[in-house]
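Peer 1: First the structure, which I've put down as structure tokens, then a few questions once you've had a look.
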Amino acid sequence: MESLQDIGTVLGRIITIMPLLLIIALFMGRRAIGEMPVFDFLIVITLGSVTGADIADPDISHLPTAVAIAGIGVLQRITSTLKLRNRYFSRLITFEPVVVVKNGLFLKNNMKQIRYSVDNILHMMREQGIFDPGEVDTAVIEGNGALSVLKKDSKLSPSLEDLSLPKVSPSLSYPVIVEGQVYTNVLDRTGFTEEWLQDQLTVLGIPSPEQVFFACMNHKGELHVSRHTEGPEEMPGLFH
């Protein structure tokens, strides 16, 4: 009878603790989860914790541990089935994709919503071999925290080979303004001045760097600017 009570307690804890873990994980955001769906991440860490406690503590009974592992596995299977059958349920337990760059421009509000900084996005772009945001048509942070990038048609190198055109050197850009702050050290190293930068902004109708969310410059001195108020036309929703 005591064993049955232990089993009931274990199953009850699984049913009550997993929703709490899910709420906390969603609150923490996709950056804290890593490149795994939220619920699968919770399943993995919970299984690891249960198994680790059983291995490390000889006083823990194997039967409740086995029941816990089996219960977690069944819960995962039920959840996966519900996700496939019910779109609304799926949206409750995971993150939706979010567009963070459109036509080379950073979307500040979307980035703020998912707590990603310019540095985060630039780092993820470089991992995909993109060193100039101006080459990007659309960049999306997926539900698992990974970055998906669609390049502009003019930046797709295979088209140059298909047309037998000479290859263009890869574009490397340097950040000169991030969230209104001018990176004077970058300007100094590239041989440009703050006066030159201000002149370029004036030509674009921007009175001061404080109105710039992000600006980068390539080796030719071509400036690419995203304003704080920048935003695309209304876009249809993206779904995982």
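Every chain in the structure tokens has a letter given in the order shown (A, B, ...), and although residue numbers restart at 1 in each chain, ligands are simply numbered from 1 in the order shown.
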Let's see if you can do this: from backbone DSSP, list all strand (DSSP E) residues in segment 40-224 of chain A, as an mmCIF file with C-alpha atoms, in the first residue's frame.
Peer 2:
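Once written, selection.cif looks like this:
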```
data_model
loop_
_atom_site.group_PDB
_atom_site.id
_atom_site.type_symbol
_atom_site.label_atom_id
_atom_site.label_comp_id
_atom_site.auth_asym_id
_atom_site.auth_seq_id
_atom_site.Cartn_x
_atom_site.Cartn_y
_atom_site.Cartn_z
ATOM 1 C CA VAL A 98 9.759 36.546 -34.819
ATOM 2 C CA VAL A 99 11.105 38.700 -37.673
ATOM 3 C CA VAL A 100 14.100 40.728 -36.436
ATOM 4 C CA VAL A 101 15.489 42.094 -39.729
ATOM 5 C CA LYS A 102 13.537 43.195 -42.797
ATOM 6 C CA LEU A 105 16.780 47.022 -41.187
ATOM 7 C CA PHE A 106 16.689 45.883 -37.568
ATOM 8 C CA VAL A 136 19.652 40.397 -45.590
ATOM 9 C CA ASP A 137 16.116 40.449 -46.936
ATOM 10 C CA THR A 138 14.521 38.789 -43.909
ATOM 11 C CA ALA A 139 15.945 37.323 -40.701
ATOM 12 C CA VAL A 140 13.783 35.331 -38.301
ATOM 13 C CA ILE A 141 14.398 34.106 -34.766
ATOM 14 C CA LEU A 147 18.344 32.473 -36.664
ATOM 15 C CA SER A 148 17.016 31.810 -40.173
ATOM 16 C CA VAL A 149 18.165 34.228 -42.880
ATOM 17 C CA LEU A 150 16.875 34.953 -46.382
ATOM 18 C CA LYS A 151 19.411 36.943 -48.395
ATOM 19 C CA SER A 173 30.675 45.943 -42.294
ATOM 20 C CA TYR A 174 31.704 47.666 -39.083
ATOM 21 C CA PRO A 175 29.204 48.958 -36.491
ATOM 22 C CA VAL A 176 29.566 52.714 -36.044
ATOM 23 C CA ILE A 177 26.353 53.468 -34.099
ATOM 24 C CA VAL A 178 24.581 51.098 -31.717
ATOM 25 C CA GLN A 181 26.045 55.586 -29.258
ATOM 26 C CA VAL A 182 28.775 56.435 -31.763
ATOM 27 C CA VAL A 212 19.777 55.725 -34.890
ATOM 28 C CA PHE A 213 19.203 52.237 -33.522
ATOM 29 C CA PHE A 214 22.018 50.657 -35.545
ATOM 30 C CA ALA A 215 24.371 51.845 -38.268
ATOM 31 C CA CYS A 216 27.224 50.022 -39.954
ATOM 32 C CA MET A 217 29.739 50.976 -42.620
ATOM 33 C CA ASN A 218 31.642 48.918 -45.169
ATOM 34 C CA LEU A 223 26.545 53.648 -44.507
ATOM 35 C CA HIS A 224 23.626 51.344 -43.649
#
```
Peer 1: If DSSP is run on the backbone, what residues of segment 14-237 of chain A are alpha helix (DSSP H)? A reply as a CSV table (one decimal) with C-alpha atoms, in the first residue's frame would be ideal.
Peer 2:
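Contents of selection_35.csv, freshly written:
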```
chain,number,residue,atom,x,y,z
A,14,ILE,CA,4.9,15.2,-12.4
A,15,ILE,CA,1.5,16.5,-13.4
A,16,THR,CA,1.8,19.6,-11.2
A,17,ILE,CA,5.4,20.5,-11.6
A,18,MET,CA,5.7,20.3,-15.4
A,19,PRO,CA,3.2,23.1,-16.0
A,20,LEU,CA,5.1,25.3,-13.5
A,21,LEU,CA,8.4,24.5,-15.2
A,22,LEU,CA,6.8,25.4,-18.5
A,23,ILE,CA,5.6,28.8,-17.3
A,24,ILE,CA,9.0,29.6,-15.9
A,25,ALA,CA,10.7,28.5,-19.1
A,26,LEU,CA,8.4,30.6,-21.2
A,27,PHE,CA,9.0,33.6,-18.9
A,28,MET,CA,12.8,33.2,-19.2
A,30,ARG,CA,14.0,31.4,-25.9
A,31,ARG,CA,17.6,32.7,-25.3
A,32,ALA,CA,17.7,30.8,-22.0
A,33,ILE,CA,16.4,27.6,-23.5
A,38,VAL,CA,10.6,24.5,-24.9
A,39,PHE,CA,8.7,21.4,-23.8
A,40,ASP,CA,11.4,19.0,-25.1
A,41,PHE,CA,14.0,21.0,-23.2
A,42,LEU,CA,12.0,20.6,-20.0
A,43,ILE,CA,11.5,16.8,-20.6
A,44,VAL,CA,15.3,16.4,-21.0
A,45,ILE,CA,16.3,18.3,-17.9
A,46,THR,CA,13.6,16.6,-15.8
A,47,LEU,CA,14.6,13.1,-17.0
A,48,GLY,CA,18.2,14.0,-16.2
A,49,SER,CA,17.3,15.2,-12.7
A,50,VAL,CA,15.2,12.1,-11.9
A,51,THR,CA,17.8,9.7,-13.2
A,52,GLY,CA,20.7,11.6,-11.6
A,53,ALA,CA,19.0,11.6,-8.1
A,54,ASP,CA,18.4,7.8,-8.4
A,55,ILE,CA,22.0,7.1,-9.3
A,56,ALA,CA,23.5,9.3,-6.7
A,62,HIS,CA,14.0,2.3,-7.8
A,63,LEU,CA,10.3,1.7,-8.3
A,64,PRO,CA,9.1,5.4,-7.9
A,65,THR,CA,12.0,6.5,-10.1
A,66,ALA,CA,11.0,4.0,-12.8
A,67,VAL,CA,7.4,5.2,-12.5
A,68,ALA,CA,8.6,8.9,-12.8
A,69,ILE,CA,10.6,8.2,-15.9
A,70,ALA,CA,7.7,6.3,-17.5
A,71,GLY,CA,5.3,9.0,-16.5
A,72,ILE,CA,7.5,11.7,-18.0
A,73,GLY,CA,7.8,9.7,-21.3
A,74,VAL,CA,4.0,9.3,-21.5
A,75,LEU,CA,3.4,13.0,-20.8
A,76,GLN,CA,5.8,13.9,-23.6
A,77,ARG,CA,4.0,11.6,-26.0
A,78,ILE,CA,0.6,13.0,-25.0
A,79,THR,CA,1.9,16.6,-25.4
A,80,SER,CA,3.4,15.9,-28.8
A,81,THR,CA,0.1,14.4,-30.0
A,82,LEU,CA,-1.9,17.4,-28.7
A,83,LYS,CA,0.5,19.8,-30.5
A,84,LEU,CA,-0.1,18.1,-33.8
A,85,ARG,CA,-3.9,18.1,-33.4
A,87,ARG,CA,-2.8,24.6,-33.1
A,88,TYR,CA,-3.9,26.7,-30.1
A,89,PHE,CA,-2.4,24.3,-27.6
A,90,SER,CA,0.9,24.2,-29.6
A,91,ARG,CA,1.1,28.0,-29.4
A,92,LEU,CA,0.7,27.9,-25.6
A,108,LYS,CA,13.8,47.2,-32.6
A,109,ASN,CA,10.4,46.4,-31.1
A,110,ASN,CA,10.5,42.8,-32.2
A,111,MET,CA,14.0,42.4,-30.8
A,112,LYS,CA,13.0,44.0,-27.5
A,113,GLN,CA,10.0,41.7,-27.3
A,114,ILE,CA,12.2,38.6,-27.3
A,118,VAL,CA,21.9,43.9,-31.9
A,119,ASP,CA,25.1,42.1,-30.8
A,120,ASN,CA,23.2,38.8,-30.5
A,121,ILE,CA,21.8,39.1,-34.0
A,122,LEU,CA,25.1,40.2,-35.6
A,123,HIS,CA,26.8,37.3,-33.9
A,124,MET,CA,24.3,34.8,-35.3
A,125,MET,CA,24.5,36.3,-38.8
A,126,ARG,CA,28.3,36.0,-38.7
A,127,GLU,CA,27.9,32.3,-37.9
A,158,PRO,CA,25.4,31.4,-57.2
A,159,SER,CA,23.6,33.8,-59.6
A,160,LEU,CA,27.0,35.4,-60.4
A,161,GLU,CA,28.5,32.0,-61.3
A,162,ASP,CA,25.4,31.1,-63.4
A,184,THR,CA,34.5,56.6,-32.3
A,185,ASN,CA,37.2,53.9,-32.1
A,186,VAL,CA,35.8,52.2,-35.2
A,187,LEU,CA,35.7,55.5,-37.1
A,188,ASP,CA,39.3,56.2,-36.1
A,189,ARG,CA,40.5,52.8,-37.2
A,190,THR,CA,38.8,53.1,-40.6
A,194,GLU,CA,32.5,62.0,-36.5
A,195,GLU,CA,32.0,65.0,-38.7
A,196,TRP,CA,31.9,62.8,-41.8
A,197,LEU,CA,29.4,60.5,-40.0
A,198,GLN,CA,27.1,63.4,-39.1
A,199,ASP,CA,27.2,64.6,-42.7
A,200,GLN,CA,26.1,61.2,-43.9
A,201,LEU,CA,23.3,61.1,-41.4
A,202,THR,CA,22.2,64.6,-42.4
A,203,VAL,CA,22.0,63.5,-46.1
```
Peer 1: Quote the spacing between atom CA of Glu222 of chain A and atom CA of Ile206 of chain A in Å to one decimal place.
Peer 2: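 According to the coordinates, atom CA of Glu222 of chain A and atom CA of Ile206 of chain A are separated by 15.7 Å.
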Peer 1: Calculate how many Å separate atom CA of His219 of chain A from atom CA of Leu172 of chain A, rounding to one decimal.
Peer 2: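 Between these atoms lies a distance of 7.2 Å.
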Peer 1: Report the distance between atom CA of Arg227 of chain A and atom CA of Phe131 of chain A in Å, rounded to one decimal place.
Peer 2: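 These atoms are spaced 19.4 Å apart.
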